[in-house]
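J.: Have a peek at upload.txt (compact mmCIF, C-alpha atoms).
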# COMPACT_ATOMS: atom_id res chain seq x y z
CA MET A 10 -18.79 -41.97 -50.68
CA ASN A 11 -19.11 -45.06 -52.90
CA LYS A 12 -16.41 -44.80 -55.60
CA GLU A 13 -18.43 -46.75 -58.20
CA LEU A 14 -21.40 -44.48 -57.64
CA GLU A 15 -19.23 -41.38 -58.04
CA THR A 16 -17.82 -42.73 -61.32
CA ALA A 17 -21.30 -43.66 -62.63
CA ILE A 18 -22.65 -40.19 -61.87
CA MET A 19 -19.59 -38.30 -63.09
CA THR A 20 -19.69 -40.10 -66.45
CA ALA A 21 -23.47 -39.73 -66.92
CA ALA A 22 -24.09 -37.38 -69.82
CA ASP A 23 -27.76 -36.73 -69.10
CA LEU A 24 -28.00 -36.65 -65.31
CA PRO A 25 -31.09 -34.61 -64.41
CA THR A 26 -30.49 -31.16 -62.97
CA ILE A 27 -32.84 -29.31 -60.69
CA PRO A 28 -34.81 -26.85 -62.85
CA ILE A 29 -33.62 -23.25 -62.71
CA VAL A 30 -36.93 -21.85 -61.45
CA ALA A 31 -36.64 -23.99 -58.28
CA ILE A 32 -33.06 -22.81 -57.69
CA LYS A 33 -34.07 -19.16 -58.09
CA VAL A 34 -37.05 -19.50 -55.74
CA MET A 35 -34.93 -21.24 -53.07
CA GLN A 36 -32.22 -18.58 -53.34
CA LEU A 37 -34.69 -15.71 -53.11
CA ILE A 38 -36.49 -17.19 -50.09
CA GLU A 39 -33.15 -17.77 -48.33
CA SER A 40 -32.11 -14.16 -48.98
CA ASP A 41 -34.81 -12.90 -46.52
CA THR A 42 -35.68 -9.98 -48.82
CA ALA A 43 -38.22 -11.87 -50.93
CA THR A 44 -41.61 -10.35 -51.70
CA ALA A 45 -44.67 -12.19 -53.00
CA GLU A 46 -44.44 -10.16 -56.24
CA GLU A 47 -40.81 -11.11 -56.89
CA LEU A 48 -41.50 -14.76 -56.19
CA ALA A 49 -44.57 -14.74 -58.43
CA LYS A 50 -42.47 -13.23 -61.21
CA ILE A 51 -39.84 -15.99 -60.97
CA VAL A 52 -42.42 -18.78 -60.86
CA SER A 53 -44.29 -17.26 -63.81
CA SER A 54 -41.13 -17.50 -65.91
CA ASP A 55 -41.85 -21.24 -66.20
CA PRO A 56 -45.50 -21.53 -67.29
CA ALA A 57 -45.71 -25.29 -66.67
CA VAL A 58 -44.46 -24.90 -63.10
CA ALA A 59 -46.69 -21.87 -62.50
CA ALA A 60 -49.80 -23.77 -63.67
CA ARG A 61 -48.94 -26.78 -61.50
CA VAL A 62 -48.32 -24.62 -58.40
CA LEU A 63 -51.70 -22.90 -58.86
CA LYS A 64 -53.42 -26.24 -59.39
CA ILE A 65 -51.92 -27.81 -56.27
CA SER A 66 -52.52 -24.74 -54.12
CA ASN A 67 -56.23 -25.12 -54.90
CA SER A 68 -56.32 -28.72 -53.70
CA SER A 69 -58.36 -29.61 -50.63
CA PHE A 70 -55.07 -30.75 -49.07
CA TYR A 71 -54.06 -27.13 -48.53
CA GLY A 72 -57.54 -26.36 -47.29
CA CYS A 73 -58.16 -22.92 -48.77
CA ARG A 74 -61.77 -21.80 -48.47
CA ARG A 75 -61.80 -19.84 -51.69
CA GLN A 76 -60.39 -20.35 -55.17
CA ILE A 77 -56.83 -19.02 -55.52
CA GLN A 78 -56.67 -17.22 -58.86
CA THR A 79 -53.16 -15.77 -58.99
CA LEU A 80 -49.66 -16.80 -57.98
CA SER A 81 -49.28 -13.72 -55.76
CA SER A 82 -52.35 -14.64 -53.74
CA ALA A 83 -51.22 -18.28 -53.56
CA ILE A 84 -47.92 -17.08 -52.08
CA VAL A 85 -49.61 -14.78 -49.56
CA ILE A 86 -52.13 -17.44 -48.48
CA LEU A 87 -49.78 -20.45 -48.37
CA GLY A 88 -46.60 -18.69 -47.22
CA PHE A 89 -43.06 -18.78 -48.59
CA SER A 90 -42.10 -22.10 -47.05
CA THR A 91 -45.03 -23.97 -48.61
CA LEU A 92 -44.46 -22.19 -51.92
CA ARG A 93 -40.85 -23.42 -51.90
CA SER A 94 -42.00 -27.05 -51.53
CA LEU A 95 -44.64 -26.67 -54.24
CA VAL A 96 -42.23 -25.08 -56.72
CA VAL A 97 -39.66 -27.80 -56.05
CA ALA A 98 -42.34 -30.50 -56.49
CA ALA A 99 -43.79 -28.87 -59.61
CA SER A 100 -40.40 -28.44 -61.25
CA VAL A 101 -38.93 -31.78 -60.18
CA LYS A 102 -41.74 -33.54 -62.04
CA GLN A 103 -39.73 -32.75 -65.20
CA VAL A 104 -36.97 -35.04 -63.91
CA TYR A 105 -39.40 -37.98 -64.19
CA LYS A 106 -39.09 -38.17 -67.97
CA PRO A 107 -39.54 -40.13 -70.23
CA TYR A 108 -42.96 -40.56 -68.75
CA GLY A 109 -43.76 -44.26 -69.16
CA LEU A 110 -45.35 -46.59 -66.61
CA THR A 111 -42.17 -46.88 -64.50
CA GLU A 112 -41.80 -43.11 -64.20
CA LYS A 113 -45.53 -42.65 -63.58
CA MET A 114 -45.48 -45.13 -60.67
CA LEU A 115 -42.29 -43.64 -59.22
CA TRP A 116 -43.69 -40.10 -59.42
CA GLU A 117 -46.99 -41.14 -57.84
CA HIS A 118 -45.15 -42.92 -55.02
CA SER A 119 -42.78 -39.97 -54.47
CA PHE A 120 -45.43 -37.26 -54.43
CA ALA A 121 -47.69 -39.36 -52.20
CA ALA A 122 -44.79 -39.95 -49.78
CA GLY A 123 -44.26 -36.16 -49.67
CA LEU A 124 -47.92 -35.66 -48.69
CA ALA A 125 -47.80 -38.51 -46.17
CA ALA A 126 -44.61 -37.13 -44.60
CA ARG A 127 -46.20 -33.68 -44.29
CA ILE A 128 -49.24 -35.17 -42.55
CA ILE A 129 -47.10 -37.27 -40.21
CA ALA A 130 -44.88 -34.28 -39.35
CA SER A 131 -47.93 -32.12 -38.69
CA ARG A 132 -49.69 -34.73 -36.50
CA THR A 133 -46.64 -35.84 -34.50
CA ARG A 134 -44.81 -32.48 -34.39
CA ALA A 135 -41.67 -34.57 -35.01
CA ALA A 136 -40.34 -32.53 -37.94
CA ASN A 137 -40.87 -29.35 -39.93
CA GLU A 138 -43.80 -29.97 -42.31
CA GLU A 139 -42.17 -28.55 -45.43
CA GLU A 140 -38.86 -30.29 -44.77
CA ALA A 141 -40.81 -33.52 -44.31
CA PHE A 142 -42.66 -32.94 -47.58
CA LEU A 143 -39.37 -32.54 -49.48
CA ALA A 144 -37.78 -35.56 -47.76
CA GLY A 145 -40.80 -37.68 -48.74
CA LEU A 146 -40.80 -36.27 -52.26
CA PHE A 147 -37.09 -37.06 -52.73
CA HIS A 148 -36.79 -40.30 -50.75
CA ASP A 149 -36.69 -42.43 -53.94
CA ILE A 150 -35.13 -39.91 -56.34
CA GLY A 151 -32.19 -42.33 -56.56
CA LYS A 152 -34.42 -44.77 -58.44
CA ILE A 153 -35.19 -42.14 -61.07
CA ILE A 154 -31.48 -41.40 -61.47
CA MET A 155 -30.67 -45.12 -61.82
CA ASN A 156 -33.44 -45.45 -64.39
CA THR A 157 -31.98 -42.46 -66.28
CA LEU A 158 -28.44 -43.87 -66.16
CA ASP A 159 -29.42 -47.30 -67.53
CA ARG A 160 -33.08 -48.17 -68.18
CA ASP A 161 -32.41 -51.84 -69.00
CA LYS A 162 -30.50 -52.43 -65.79
CA PHE A 163 -33.22 -50.70 -63.76
CA GLN A 164 -35.95 -52.79 -65.42
CA GLU A 165 -33.96 -55.90 -64.54
CA VAL A 166 -34.18 -54.92 -60.84
CA MET A 167 -37.93 -54.32 -61.20
CA GLN A 168 -38.38 -57.75 -62.79
CA HIS A 169 -36.59 -59.41 -59.88
CA CYS A 170 -38.88 -57.55 -57.45
CA TYR A 171 -42.06 -58.69 -59.16
CA ASN A 172 -41.02 -62.22 -60.11
CA GLU A 173 -39.43 -63.13 -56.80
CA GLY A 174 -41.61 -61.07 -54.47
CA ILE A 175 -38.60 -59.32 -52.93
CA THR A 176 -38.07 -55.67 -52.03
CA PHE A 177 -36.35 -53.22 -54.38
CA GLY A 178 -33.48 -52.99 -51.90
CA GLN A 179 -32.92 -56.75 -51.99
CA ALA A 180 -33.14 -56.84 -55.79
CA GLU A 181 -30.80 -53.89 -56.40
CA ARG A 182 -28.04 -55.43 -54.26
CA GLY A 183 -27.73 -58.26 -56.77
CA ILE A 184 -27.29 -55.89 -59.73
CA TYR A 185 -25.77 -52.59 -58.58
CA PRO A 186 -22.62 -51.87 -56.54
CA PHE A 187 -24.57 -49.08 -54.78
CA THR A 188 -28.10 -48.46 -53.46
CA HIS A 189 -30.84 -46.05 -54.53
CA ASP A 190 -30.52 -44.38 -51.10
CA GLU A 191 -26.85 -43.56 -51.80
CA VAL A 192 -27.64 -42.29 -55.30
CA GLY A 193 -30.49 -40.11 -54.00
CA ALA A 194 -28.42 -38.62 -51.18
CA TYR A 195 -25.56 -37.86 -53.58
CA VAL A 196 -27.82 -36.09 -56.09
CA ILE A 197 -29.70 -34.08 -53.43
CA LYS A 198 -26.35 -32.93 -52.05
CA LYS A 199 -25.25 -31.98 -55.59
CA TRP A 200 -28.49 -29.98 -55.95
CA ASN A 201 -27.53 -28.01 -52.81
CA PHE A 202 -30.38 -29.09 -50.56
CA PRO A 203 -29.73 -28.98 -46.80
CA GLU A 204 -27.65 -31.71 -45.15
CA ILE A 205 -30.65 -32.86 -43.08
CA LEU A 206 -32.45 -33.91 -46.30
CA THR A 207 -29.39 -35.79 -47.55
CA SER A 208 -29.21 -37.73 -44.28
CA ALA A 209 -32.94 -38.57 -44.25
CA ILE A 210 -32.76 -39.91 -47.82
CA LEU A 211 -29.60 -41.91 -47.14
CA GLN A 212 -30.98 -43.53 -43.97
CA HIS A 213 -34.71 -43.93 -44.69
CA HIS A 214 -34.46 -47.72 -45.04
CA ASN A 215 -31.92 -48.74 -42.42
CA LEU A 216 -32.59 -46.03 -39.77
CA ASP A 217 -29.18 -46.74 -38.32
CA PHE A 218 -28.58 -44.06 -35.67
CA THR A 219 -26.67 -43.68 -32.41
CA GLU A 220 -27.47 -41.51 -29.40
CA LEU A 221 -24.96 -38.95 -30.68
CA ASP A 222 -26.89 -38.25 -33.88
CA ASP A 223 -28.82 -35.00 -34.28
CA PRO A 224 -32.42 -35.60 -33.04
CA ALA A 225 -33.79 -33.42 -35.89
CA VAL A 226 -32.15 -35.71 -38.47
CA VAL A 227 -33.34 -38.84 -36.64
CA ASN A 228 -36.94 -37.59 -36.47
CA LEU A 229 -37.05 -36.43 -40.09
CA THR A 230 -35.70 -39.80 -41.22
CA ALA A 231 -38.29 -41.68 -39.16
CA VAL A 232 -41.07 -39.51 -40.64
CA THR A 233 -39.74 -40.16 -44.19
CA SER A 234 -39.49 -43.90 -43.59
CA LEU A 235 -43.03 -44.07 -42.19
CA ALA A 236 -44.39 -42.03 -45.13
CA ASP A 237 -42.84 -44.58 -47.50
CA GLN A 238 -44.57 -47.36 -45.54
CA PHE A 239 -47.93 -45.54 -45.74
CA CYS A 240 -47.61 -45.66 -49.54
CA LEU A 241 -46.59 -49.34 -49.54
CA LYS A 242 -49.49 -50.30 -47.29
CA LEU A 243 -51.98 -48.55 -49.60
CA GLY A 244 -50.25 -49.79 -52.79
CA ILE A 245 -49.40 -46.31 -54.12
CA GLY A 246 -46.82 -46.52 -56.91
CA ILE A 247 -46.42 -50.28 -56.56
CA ARG A 248 -48.33 -53.17 -58.13
CA GLU A 249 -49.94 -54.63 -55.02
CA PRO A 250 -50.77 -53.07 -51.63
CA ARG A 251 -48.59 -54.48 -48.84
CA GLU A 252 -51.30 -54.89 -46.25
CA ASP A 253 -48.93 -56.73 -43.89
CA VAL A 254 -46.95 -53.51 -43.19
CA ASP A 255 -47.05 -52.88 -39.43
CA LEU A 256 -46.91 -49.09 -39.12
CA ALA A 257 -46.77 -48.64 -35.33
CA GLY A 258 -44.55 -51.71 -34.86
CA SER A 259 -42.03 -50.67 -37.55
CA LYS A 260 -38.71 -49.16 -36.52
CA ALA A 261 -39.92 -45.73 -37.69
CA GLY A 262 -43.22 -46.12 -35.81
CA GLN A 263 -41.35 -47.00 -32.63
CA MET A 264 -38.93 -44.09 -33.04
CA LEU A 265 -41.93 -41.76 -33.26
CA ASN A 266 -43.65 -43.48 -30.28
CA LEU A 267 -46.78 -44.19 -32.30
CA SER A 268 -49.72 -46.15 -30.98
CA GLU A 269 -51.62 -48.34 -33.46
CA ASP A 270 -54.61 -46.00 -33.23
CA LYS A 271 -52.51 -42.91 -33.99
CA ALA A 272 -50.82 -44.64 -36.96
CA GLU A 273 -54.18 -45.78 -38.38
CA GLU A 274 -55.71 -42.33 -37.89
CA MET A 275 -52.87 -40.68 -39.84
CA LEU A 276 -53.07 -43.35 -42.54
CA GLU A 277 -56.80 -42.63 -42.99
CA ILE A 278 -56.23 -38.86 -43.21
CA PHE A 279 -53.52 -39.44 -45.81
CA ASP A 280 -55.60 -41.95 -47.80
CA LYS A 281 -58.50 -39.48 -47.98
CA ALA A 282 -56.27 -36.49 -48.90
CA PHE A 283 -54.43 -38.38 -51.61
CA GLY A 284 -57.62 -39.95 -52.96
CA GLU A 285 -59.38 -36.58 -53.27
CA ASP A 286 -56.52 -34.77 -54.96
CA LYS A 287 -54.61 -37.53 -56.73
CA ALA A 288 -55.40 -36.20 -60.21
CA LEU A 289 -54.22 -32.71 -59.28
CA PHE A 290 -50.97 -33.97 -57.88
CA THR A 291 -49.94 -36.64 -60.34
CA SER A 292 -51.29 -35.58 -63.72
Now, as a test, write the supplied structure out as structure tokens.
T.:
Amino acid sequence: MNKELETAIMTAADLPTIPIVAIKVMQLIESDTATAEELAKIVSSDPAVAARVLKISNSSFYGCRRQIQTLSSAIVILGFSTLRSLVVAASVKQVYKPYGLTEKMLWEHSFAAGLAARIIASRTRAANEEEAFLAGLFHDIGKIIMNTLDRDKFQEVMQHCYNEGITFGQAERGIYPFTHDEVGAYVIKKWNFPEILTSAILQHHNLDFTELDDPAVVNLTAVTSLADQFCLKLGIGIREPREDVDLAGSKAGQMLNLSEDKAEEMLEIFDKAFGEDKALFTS
């Protein structure tokens, strides 16, 4: 654990916490005694989250044939696991405040990466779809925390990215004694998410694994990394699309044994899904 990171986070007065409704839903689902009614009651206790969950559950991405009118029916139709992801996504949006251009672009990129990861997991069978969604959603949460800790410092990194045409990772190394991956992994651990998510967030850029590492962690990390690259290639949450991104040839693409055709097919599915429902997801 990076000592400077620990100090920065320990001394932060306004570090975001995961909203209580998400904690309660996760606890109830883990208890194995949850009913749709109980879950609906908890979600309803936060009207903003409840409205967002209903809105997203009616998106074409989740493919329901008929309009879902109530939380209980959303839970029955989508299942507990999907509900958990949606509640986490809907409540975590509150962490992306104050909602200026920086936060808007980070949220758009994060939510899109969650969708992309879910599609990649579903099409490759490499990871659990809902775990992949959360890993994609949280892969850059460290950036939001860094922005919360010191907006001026974070903006300085962004300026270096845009003015010098370098990646965020390259720019942050010149300014911070830690990386956004480390910050994200630390916060997700603090929020009591499973270890597999912490590992995927920590490793999604360097993908530095040995043969002894858990294959489930390796696969989830590769899915998360590729989802991030889908967003970069299409320019989601960044200023310019990075059309030079080689999906199949990337380290993540190779780890998932992707052909160029398969990578392009998944990219198209994602592009269409995000394009159709972007307003639902990001507004």
J.: Which is closer to Ala209 in chain A than all the others in A:His148, A:Lys50, A:Arg134, A:Lys113, using all atoms listed in the file?
T.: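 Of the candidates, the smallest distance to Ala209 in chain A is held by A:His148.
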J.: Using all atoms listed in the file, which residues of range 144-190 of chain A come within 10 Å of range 237-252 of chain A, and what is the closest atom pair for each, with the distance in Å to one decimal? Give it as JSON lines, sorted by chain and residue number.
T.:
{"residue": "A:Gly145", "atom": "CA", "partner": "A:Asp237", "partner_atom": "CA", "distance": 7.3}
{"residue": "A:Leu146", "atom": "CA", "partner": "A:Asp237", "partner_atom": "CA", "distance": 9.8}
{"residue": "A:His148", "atom": "CA", "partner": "A:Asp237", "partner_atom": "CA", "distance": 8.1}
{"residue": "A:Asp149", "atom": "CA", "partner": "A:Asp237", "partner_atom": "CA", "distance": 9.2}
{"residue": "A:Tyr171", "atom": "CA", "partner": "A:Arg248", "partner_atom": "CA", "distance": 8.4}
J.: Please, what distance in Å, to one decimal, runs between CA of Ala122 in chain A and CA of Ser54 in chain A?
T.: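 A separation of 27.9 Å between them.
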J.: Let me make sure I understand: among A:Thr42, A:Ile86, A:Ala144, A:Leu158, which one has the smallest atom-to-atom distance to Thr20 in chain A if we use only C-alpha atoms?
T.: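 The closest residue to Thr20 in chain A is A:Leu158.
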J.: When you draw a straight line from CA of Arg132 in chain A to CA of Glu274 in chain A, how long is it in Å?
T.: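 These atoms are spaced 9.8 Å apart.
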J.: Take CA of Ser119 in chain A and CA of Ile150 in chain A and report the distance between them in Å, one decimal.
T.: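 Result for CA of Ser119 in chain A versus CA of Ile150 in chain A: 7.9 Å, one decimal.
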J.: Would you pick out the contacts of Val192 in chain A at 6 Å or less, using all atoms listed in the file, so that residues sharing its chain but fewer than 3 positions from it are not included, and give the list as JSON, numbers by chain?
T.: {"A": [151, 189, 195]}
J.: May I have the residues within 10 Å of Asn137 in chain A as JSON, numbers by chain, using only C-alpha atoms and disregarding those fewer than 5 positions away in the same chain?
T.: {"A": [126, 127, 130, 131, 142, 225, 228, 229]}
J.: In the coordinates of the file, take the point (-38.0, -18.3, -58.2) and a cut-off of 9 Å; then, counting all atoms listed in the file, name each qualifying protein, DNA or RNA residue as a PyMOL selection string.
T.: chain A and resi 29-38+47-54+93+96
J.: Can you write out the residues you just picked, keeping C-alpha atoms, as a compact mmCIF listing (two decimals), in the frame of the given file?
T.:
# COMPACT_ATOMS: atom_id res chain seq x y z
CA ILE A 29 -33.62 -23.25 -62.71
CA VAL A 30 -36.93 -21.85 -61.45
CA ALA A 31 -36.64 -23.99 -58.28
CA ILE A 32 -33.06 -22.81 -57.69
CA LYS A 33 -34.07 -19.16 -58.09
CA VAL A 34 -37.05 -19.50 -55.74
CA MET A 35 -34.93 -21.24 -53.07
CA GLN A 36 -32.22 -18.58 -53.34
CA LEU A 37 -34.69 -15.71 -53.11
CA ILE A 38 -36.49 -17.19 -50.09
CA GLU A 47 -40.81 -11.11 -56.89
CA LEU A 48 -41.50 -14.76 -56.19
CA ALA A 49 -44.57 -14.74 -58.43
CA LYS A 50 -42.47 -13.23 -61.21
CA ILE A 51 -39.84 -15.99 -60.97
CA VAL A 52 -42.42 -18.78 -60.86
CA SER A 53 -44.29 -17.26 -63.81
CA SER A 54 -41.13 -17.50 -65.91
CA ARG A 93 -40.85 -23.42 -51.90
CA VAL A 96 -42.23 -25.08 -56.72
J.: Which residues, written as a list in words, have at least one atom at most 10 Å from range 10-18 of chain A, with only C-alpha atoms counted and residues fewer than 5 positions away on the same chain left out?
T.: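 Near range 10-18 of chain A, the qualifying residues are Asp23, Leu24, Ile154, Met155, Leu158, Tyr185, Pro186, Phe187, Thr188, Glu191, Val192, Tyr195 and Val196 of chain A.
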J.: Out of A:Ala43, A:Ala180, A:Ala98, A:Ile210, which residue has the shortest atom-to-atom distance to Trp116 in chain A when counting all atoms listed in the file?
T.: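 Comparing A:Ala43, A:Ala180, A:Ala98, A:Ile210 against Trp116 in chain A, the winner is A:Ala98.
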J.: Taking only C-alpha atoms into account, which of A:Thr219, A:Ser68, A:Ser234, A:Thr291 comes nearest Phe147 in chain A?
T.: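 Distance minimum relative to Phe147 in chain A lands on A:Ser234.
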J.: With a distance cut-off of 12 Å and all atoms listed in the file, select the neighbouring residues of Thr111 in chain A, excluding the residue or stretch itself and same-chain residues fewer than 3 positions from it, and output the selection as a list in words.
T.: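 So, after excluding close chain neighbours, the residues are Tyr105, Lys106, Pro107, Tyr108, Met114, Leu115, Trp116, Glu117, His118, Lys152, Ile153, Met155, Asn156, Thr157, Arg160, Asp161, Phe163, Gln164, Val166, Met167, Gln168, Gly246, Ile247 and Arg248 of chain A.
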J.: Just the residues within 12 Å of Asp217 in chain A, please, counting only C-alpha atoms, with nothing from its chain fewer than 5 positions along; format it as a PDB file with C-alpha atoms, in the frame of the given file.
T.:
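around-v8.pdb, freshly written:
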ATOM      1  CA  SER A 208     -29.210 -37.730 -44.280  1.00  0.00           C
ATOM      2  CA  ALA A 209     -32.940 -38.570 -44.250  1.00  0.00           C
ATOM      3  CA  LEU A 211     -29.600 -41.910 -47.140  1.00  0.00           C
ATOM      4  CA  GLN A 212     -30.980 -43.530 -43.970  1.00  0.00           C
ATOM      5  CA  ASP A 222     -26.890 -38.250 -33.880  1.00  0.00           C
ATOM      6  CA  VAL A 226     -32.150 -35.710 -38.470  1.00  0.00           C
ATOM      7  CA  VAL A 227     -33.340 -38.840 -36.640  1.00  0.00           C
ATOM      8  CA  THR A 230     -35.700 -39.800 -41.220  1.00  0.00           C
ATOM      9  CA  ALA A 231     -38.290 -41.680 -39.160  1.00  0.00           C
ATOM     10  CA  SER A 234     -39.490 -43.900 -43.590  1.00  0.00           C
ATOM     11  CA  LYS A 260     -38.710 -49.160 -36.520  1.00  0.00           C
ATOM     12  CA  ALA A 261     -39.920 -45.730 -37.690  1.00  0.00           C
ATOM     13  CA  MET A 264     -38.930 -44.090 -33.040  1.00  0.00           C
TER      14      MET A 264
END
J.: Which one is closest to Glu39 in chain A: A:Pro56, A:Pro224, A:Pro203, A:Gly174? Count all atoms listed in the file.
T.: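 Result for the nearest residue to Glu39 in chain A: A:Pro203.
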J.: For a cut-off of 10 Å around (-48.2, -44.0, -34.1), file coordinates, pick out all residues using only C-alpha atoms and list them as a ChimeraX atom specification.
T.: /A:129,132-133,235,256-259,261-276
